[in-house]
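A.B. asks: One structure, as C-alpha cells, below. Some questions next.
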Amino acid sequence: MPAKIKKGALVRVIKEKLENSVEATASDSRFPAYLFESKGEILDMNDEYALIRFYVPTPSVWLRLDQLELVQ
C-alpha cells in the first residue's frame with residue numbers, strides 16, 4: 001500500500017507496526033491515542049518517510065510509509 005500513499009493523502013498510523021519499530025525505541029514509547037484514533041495529512045515525503053500533520057495542537061511527525069494506511 002505505501003506505493004499509493006502520496007502528498008496530501010489522509011492516513012492513519014498502524015499501531016502494531018509503530019510499537020516495536022526503531023522509531024519507537026528512539027523516543028518515548030507511550031504514544032498518544034490521537035496517532036491511532038484520528039487521521040493525519042501527509043505534508044511532505046521522501047523515499048521511506050512521510051511528514052504527517054494531525055489536527056491536534058502538536059508538531060508534525062515523520063513516520064515510515066509502511067507504518068501508515070490510507071483513510072477512506
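Ligands are numbered from 1 in the order shown, chains are lettered A, B, ... in the order of the C-alpha cells, and residues start at 1 in each chain.
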Got a sec: who's within 7 Å of Ala50 (chain A), counting only C-alpha atoms, leaving out chain neighbours fewer than 2 positions off, as a list in words?

C.D. replies: Ile42, Asp44, Met45, Asn46, Ile52, Trp62, Leu63, Arg64 and Leu65 of chain A

A.B. asks: Could you dump the residues just selected with all heavy atoms as a short mmCIF file (atom, residue, chain, number, x, y, z; two decimals), in the first residue's frame?

C.D. replies:
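And here is the file that came out, selection.cif:
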data_model
loop_
_atom_site.label_atom_id
_atom_site.label_comp_id
_atom_site.auth_asym_id
_atom_site.auth_seq_id
_atom_site.Cartn_x
_atom_site.Cartn_y
_atom_site.Cartn_z
N ILE A 42 -0.61 14.01 4.98
CA ILE A 42 0.80 13.98 4.57
C ILE A 42 1.18 15.33 4.00
O ILE A 42 0.59 15.79 3.02
CB ILE A 42 1.06 12.85 3.56
CG1 ILE A 42 0.80 11.51 4.21
CG2 ILE A 42 2.48 12.94 3.02
CD1 ILE A 42 1.06 10.32 3.33
N ASP A 44 4.69 16.18 3.47
CA ASP A 44 5.90 16.04 2.68
C ASP A 44 6.30 14.57 2.71
O ASP A 44 5.89 13.83 3.59
CB ASP A 44 7.01 16.92 3.26
CG ASP A 44 8.16 17.13 2.29
OD1 ASP A 44 8.04 16.75 1.11
OD2 ASP A 44 9.19 17.69 2.71
N MET A 45 7.11 14.16 1.75
CA MET A 45 7.55 12.77 1.66
C MET A 45 8.96 12.69 1.12
O MET A 45 9.42 13.59 0.42
CB MET A 45 6.63 11.97 0.73
CG MET A 45 5.23 11.81 1.20
SD MET A 45 4.22 10.87 0.03
CE MET A 45 4.98 9.26 0.11
N ASN A 46 9.63 11.57 1.46
CA ASN A 46 10.85 11.18 0.76
C ASN A 46 10.70 9.70 0.44
O ASN A 46 9.60 9.17 0.48
CB ASN A 46 12.11 11.53 1.56
CG ASN A 46 12.24 10.77 2.86
OD1 ASN A 46 11.66 9.70 3.02
ND2 ASN A 46 13.00 11.31 3.78
N ILE A 52 3.72 13.87 8.73
CA ILE A 52 2.28 13.82 8.97
C ILE A 52 1.87 14.96 9.91
O ILE A 52 2.49 15.16 10.95
CB ILE A 52 1.87 12.49 9.66
CG1 ILE A 52 2.55 11.31 9.02
CG2 ILE A 52 0.37 12.37 9.74
CD1 ILE A 52 2.03 10.85 7.75
N TRP A 62 7.53 12.70 11.51
CA TRP A 62 7.97 11.85 10.40
C TRP A 62 7.78 10.40 10.79
O TRP A 62 8.23 9.96 11.84
CB TRP A 62 9.45 12.09 10.09
CG TRP A 62 9.73 13.37 9.40
CD1 TRP A 62 10.09 14.54 9.98
CD2 TRP A 62 9.70 13.61 8.00
NE1 TRP A 62 10.26 15.50 9.03
CE2 TRP A 62 10.04 14.96 7.80
CE3 TRP A 62 9.40 12.83 6.89
CZ2 TRP A 62 10.10 15.53 6.53
CZ3 TRP A 62 9.46 13.40 5.63
CH2 TRP A 62 9.81 14.74 5.46
N LEU A 63 7.10 9.63 9.94
CA LEU A 63 6.92 8.19 10.15
C LEU A 63 7.21 7.46 8.85
O LEU A 63 7.05 8.00 7.76
CB LEU A 63 5.49 7.89 10.60
CG LEU A 63 5.10 8.42 11.98
CD1 LEU A 63 3.61 8.20 12.21
CD2 LEU A 63 5.91 7.76 13.06
N ARG A 64 7.61 6.19 8.99
CA ARG A 64 7.87 5.37 7.81
C ARG A 64 6.57 5.10 7.07
O ARG A 64 5.51 4.95 7.66
CB ARG A 64 8.51 4.03 8.21
CG ARG A 64 9.99 4.12 8.41
CD ARG A 64 10.68 2.75 8.46
NE ARG A 64 9.83 1.63 8.72
CZ ARG A 64 9.79 0.96 9.86
NH1 ARG A 64 10.56 1.32 10.88
NH2 ARG A 64 8.99 -0.07 10.01
N LEU A 65 6.65 5.01 5.76
CA LEU A 65 5.47 4.78 4.93
C LEU A 65 4.79 3.45 5.25
O LEU A 65 3.57 3.36 5.18
CB LEU A 65 5.85 4.82 3.45
CG LEU A 65 6.30 6.18 2.93
CD1 LEU A 65 6.78 6.06 1.49
CD2 LEU A 65 5.19 7.20 3.05
#

A.B. asks: Pick out the residues sitting within 8 Å of Leu35 (chain A), and hand them over as number ranges by chain; count only C-alpha atoms, and ignore anything fewer than 3 positions along from it in its own chain.

C.D. replies: A: 12-13, 31-32, 38-39, 54

A.B. asks: With distances taken over only C-alpha atoms, which residue among A:Ile14, A:Ala9, A:Leu51, A:Leu43 lies nearest Leu68 (chain A)?

C.D. replies: A:Ile14

A.B. asks: Suppose you want the space between CA of Gly40 (chain A) and CA of Ser21 (chain A); what is it in Å?

C.D. replies: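 CA of Gly40 (chain A) sits 19.5 Å away from CA of Ser21 (chain A).
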
A.B. asks: Report the residues of chain A whose backbone DSSP state falls under strand (DSSP E or B), written as a list in words.

C.D. replies: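 Reading the DSSP output for chain A, strand (DSSP E or B) covers Leu10, Val11, Arg12, Val13, Gly40, Glu41, Ile42, Leu43, Asp44, Met45, Tyr49, Ala50, Leu51, Ile52, Arg53, Phe54, Val61, Trp62, Leu63, Arg64, Leu68, Glu69 and Leu70 of chain A.
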
A.B. asks: Determine the nearest neighbour of Tyr49 (chain A) from the options A:Lys15, A:Ala33, A:Gln72, A:Gln67, counting only C-alpha atoms.

C.D. replies: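 Nearest candidate to Tyr49 (chain A) out of A:Lys15, A:Ala33, A:Gln72, A:Gln67: A:Gln67.
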
A.B. asks: Using only C-alpha atoms, find the one residue out of A:Asp47, A:Lys7, A:Glu23, A:Lys17 that sits nearest to Val61 (chain A).

C.D. replies: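 The answer is A:Glu23, which sits nearest to Val61 (chain A).
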